[in-house]
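Structure first, then comments.
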Amino acid sequence: MNCERTKEFLADYLAGELDEKTLAEAQAHLAGCAACREELESLSAIWTKLGVLPKEQPSAALRSRFYDMLEAYKEGLEKGGTAARIYQTISSRLSRLMPRRPTYQLALALVLIIAGLGSGYLLNVRFRSNARFEVATLKQEVNDMRRTVAVSLLKQASASERLMGVSWSSRVDRPGDEIITALLETLDHDPNVNVRLAAVDALYLFYGHPEVKDGLVRSLAGQTSPLVQLALIDLLVGIRERRAAEALERLIQDEKLNPKVKKRAELGLAQLS
Amino acid sequence: MKTIVRLAGIIVLLWAVGMADTAQQSQADHAVVSFTNPAKPGTVEVDVNEGSITVRGYEGKNVIIDARWRERALTQEKREIEAALAGAEEELDKEELAKKKAQAEKSRGMKMLAVESMGLTIEEEDNVIQVSVEEGKRAVDLIIQVPFSTSLQLSCRDDERGVTVERVDGEIEVDTSDGPITLTNVSGPVVADSSEGEIKVVFGKITPGKPMSLSAMDGDIDITLPLDVKASLKMKTDEGQIFTDFDVQLTPSQQKKEEDERKEGGGYRVTYEKVTLGLINGGGTEIQLTTYEGNIYVRKAK
């Protein structure tokens with residue numbers, strides 16, 4: 001599915017009215033196309049806001065009120081003369097409030113301008129903080145959506161889709177435990193070496209998270225692919241994780257270990273201690 | 001619907017009938033398997049422990065599998081190693097040795113018939129065809145013809161001939177331990193890894209959107225992309241070099257890590273990942289290329 005076709009379906013997508021096949025195609029395209037995802041996100045934000053507005057229903061009294069109003073208006077037209085007189089008295093009374101001397105007029109104008117500017121500024125500040133709050137909420141929503149998409153992609157049958165899941169995970173700000181657990185799970189159990197390697201790269205971005213370092217050290221013992229072993233050793237030595245020393249020592253003891261991995265592990269061990 | 005074609009042990013070599021000469025030639029198995037729903041692209045999964053896999057796309061609806069059994073799976077060297085290992089085990093395990101002696105006693109004065117089970121299994125379920133070969137003493141060369149749109153999952157260990165794929169447009173997942181991976185006229189997404197072999201991929205076109213990843217340890221990674229490809233490359237090599245004839249726009253690596261522990265009495269350190277990020281024609285499909293000792297070649301299609 002290309003961008004144009006996906007955009008046609010976005011509204012139906014949000015309304016949940018797509019058939020399974022088109023939905024799958026649209027999801028596949030969305031997962032791969034950042035532009036369309038942005039469009040979807042902005043559209044969904046607008047929809048959410050529209051959804052909050054209560055629906056206006058005409059009440060039964062509306063009809064009679066309308067005709068009352070029409071009557072009143074007609075009467076008003078007939079009494080036009082009185083209305084004009086009332087207007088004149090009001091304007092003459094108002095003009096009496098206006099100071100006669102130009103200096104006072106100027107002073108009054110200045111006072112009004114300052115009052116206007118001041119209230120405008122206050123309003124603006126309040127509006128801005130409100131907008132900032134809304135942007136923050138939106139960001140949060142986008143982040144939550146990314147998280148959900150990432151975790152569901154990590155469970156796909158196709159390795160390419162799982163790779164996409166890892167790459168989405170690494171774009172989540174402040175990943176929750178859910179993402180970290182899913183990435184560590186991928187690192188330990190994904191059947192594809194490339195997906196596991198991508199998980200190592202993604203976890204590197206989150207190594208400040210308390211569970212990540214433990215998970216990485218634990219994972220080293222269970223890896224069978226020399227490529228993943230090398231990547232993990234590089235990462236653990238790179239972040240100077242001292243607890244990795246023990247795991248490296250155990251790895252070196254393994255007789256079946258790839259000689260290149262062994263060399264790297266020994267080098268890493270020397271760097272750590 | 002479940003179709004099971006079992007060819008395990010179909011061919012028994014008839015030494016006793018005096019066919020020793022024909023037995024020297026390699027044996028072949030042939031099978032044609034259809035998908036449950038031929039209108040939908042199917043998947044072929046192949047797992048070979050010793051041997052090679054060749055897959056070609058063709059204009060047909062069925063999957064045609066030819067298996068050629070090699071006469072000698074183990075090289076002389078490997079046999080020696082195995083014999084040495086067996087010897088060592090026997091020395092260690094007296095009980096086992098006694099058992100073997102007892103067996104030898106039983107078959108005294110008789111000669112052994114060489115019955116070699118081939119152990120090829122083909123299963124189809126829900127548009128997925130699985131081809132697997134039992135671990136045995138003989139290597140196999142599988143030649144498989146599939147409809148163009150088929151997705152492939154190929155796994156091949158311990159062989160120098162590796163995996164070859166030609167003209168397949170589905171998703172391709174390949175892993176080998178020793179052998180090379182050679183994919184020609186494919187459109188991806190391709191996810192491949194090899195420990196000892198090199199990876200060579202010639203893309204006819206690129207299916208946009210889905211990410212790709214190729215990883216090797218010793219071998220080179222050599223990919224050929226169409227001229228107008230939009231790709232974001234993430235390349236990593238430890239000891240090798242990167243070559244390309246594309247106009248690649250390099251972007252600074254984002255894999256930067258800052259650590260400031262000076263407040264806690266530690267030091268300050270910035271580390272950069274050894275990653276090169278490059279955009280071709282403004283960027284697009286994510287392609288990650290990782291090799292430890294090999295070079296990376298990114299070529300323009302000629």
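Here's how to read the names in the structure tokens: chain A, B, ... by the order shown, residue numbers from 1 in each chain, ligand numbers from 1 in the order shown.
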
Would you mind listing, for every residue of chain B within 6 Å of chain A, the two atoms forming the shortest contact and the distance between them in Å to one decimal, using only C-alpha atoms, sorted by chain and ascending residue number, as JSON lines?
{"residue": "B:Gly209", "atom": "CA", "partner": "A:Gly32", "partner_atom": "CA", "distance": 4.4}
{"residue": "B:Lys210", "atom": "CA", "partner": "A:Gly32", "partner_atom": "CA", "distance": 5.9}
{"residue": "B:Pro211", "atom": "CA", "partner": "A:Ser160", "partner_atom": "CA", "distance": 5.7}

Checklist entry - Can you tell me, as a count of residues only, what residues are no more than 12 Å from range 177-189 of chain A when counting only C-alpha atoms, ignoring any on the same chain fewer than 6 positions away? => result 58

Next on the checklist: Between CA of Arg37 in chain A and CA of Ile287 in chain B, what is the distance in Å, rounded to a tenth?
Outcome noted: 20.2 Å

Next on the checklist: I'd like the contact shell of Leu14 in chain A - 9 Å cut-off, only C-alpha atoms, skipping same-chain residues fewer than 2 positions apart - returned as a list in words.
Outcome noted: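 Counting only C-alpha atoms, the residues come to Phe9, Leu10, Ala11, Asp12, Gly16, Glu17, Leu18, Leu40, Leu43, Ser44 and Trp47 of chain A.
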
Spatial neighbours of Val186 in chain B, max dist 7 Å, only C-alpha atoms, sep filter under 3 positions, as a compact mmCIF listing (two decimals) with N, CA and C atoms, in the first residue's frame:
# COMPACT_ATOMS: atom_id res chain seq x y z
N GLU B 166 17.75 -17.22 -6.15
CA GLU B 166 17.63 -16.41 -7.37
C GLU B 166 16.19 -16.09 -7.66
N ARG B 167 15.90 -14.87 -7.98
CA ARG B 167 14.59 -14.42 -8.45
C ARG B 167 13.45 -14.78 -7.52
N VAL B 168 13.55 -14.36 -6.28
CA VAL B 168 12.44 -14.55 -5.34
C VAL B 168 12.09 -13.20 -4.75
N ASP B 169 10.79 -12.85 -4.78
CA ASP B 169 10.37 -11.51 -4.35
C ASP B 169 9.83 -11.45 -2.93
N LEU B 183 22.42 -14.06 -2.79
CA LEU B 183 21.06 -13.80 -3.22
C LEU B 183 21.11 -12.91 -4.45
N VAL B 202 22.23 -9.11 -4.48
CA VAL B 202 21.97 -8.21 -5.60
C VAL B 202 20.46 -7.98 -5.65
N PHE B 203 20.06 -6.75 -5.36
CA PHE B 203 18.64 -6.44 -5.35
C PHE B 203 18.19 -6.01 -6.74
N GLY B 204 17.12 -6.63 -7.24
CA GLY B 204 16.54 -6.19 -8.51
C GLY B 204 15.78 -4.91 -8.29

Checklist entry - For Phe246 in chain B, which residue among B:Pro226, B:Gly57, B:Gly294, B:Gly219 is the nearest when counting only C-alpha atoms? => result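 Using only C-alpha atoms, Phe246 in chain B sits closest to B:Pro226.
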
Item to check | Spatial neighbours of Thr43 in chain B, max dist 7 Å, only C-alpha atoms, sep filter under 4 positions, as JSON, numbers by chain | outcome: {"B": [127, 128, 129, 150, 151, 152]}

Write out, as a short mmCIF file (atom, residue, chain, number, x, y, z; two decimals), in the first residue's frame, the residues just selected, with C-alpha atoms.
data_model
loop_
_atom_site.label_atom_id
_atom_site.label_comp_id
_atom_site.auth_asym_id
_atom_site.auth_seq_id
_atom_site.Cartn_x
_atom_site.Cartn_y
_atom_site.Cartn_z
CA ASN B 127 0.61 -22.26 3.24
CA VAL B 128 3.88 -23.04 4.98
CA ILE B 129 6.07 -25.79 3.57
CA THR B 150 7.24 -17.05 -1.94
CA SER B 151 8.83 -16.06 1.37
CA LEU B 152 11.84 -18.06 2.48
#

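When the distance limit is 8 Å and only C-alpha atoms are what count, the residues near Thr36 in chain B, minus those fewer than 3 positions from it on the same chain, are Met1, Glu124, Glu125, Asp126 and Asn127 of chain B.
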
Checklist outcome for this item: Separating CA of Asp178 in chain B from CA of Gln288 in chain B, to the nearest tenth of an Å, is a gap of 21.1 Å
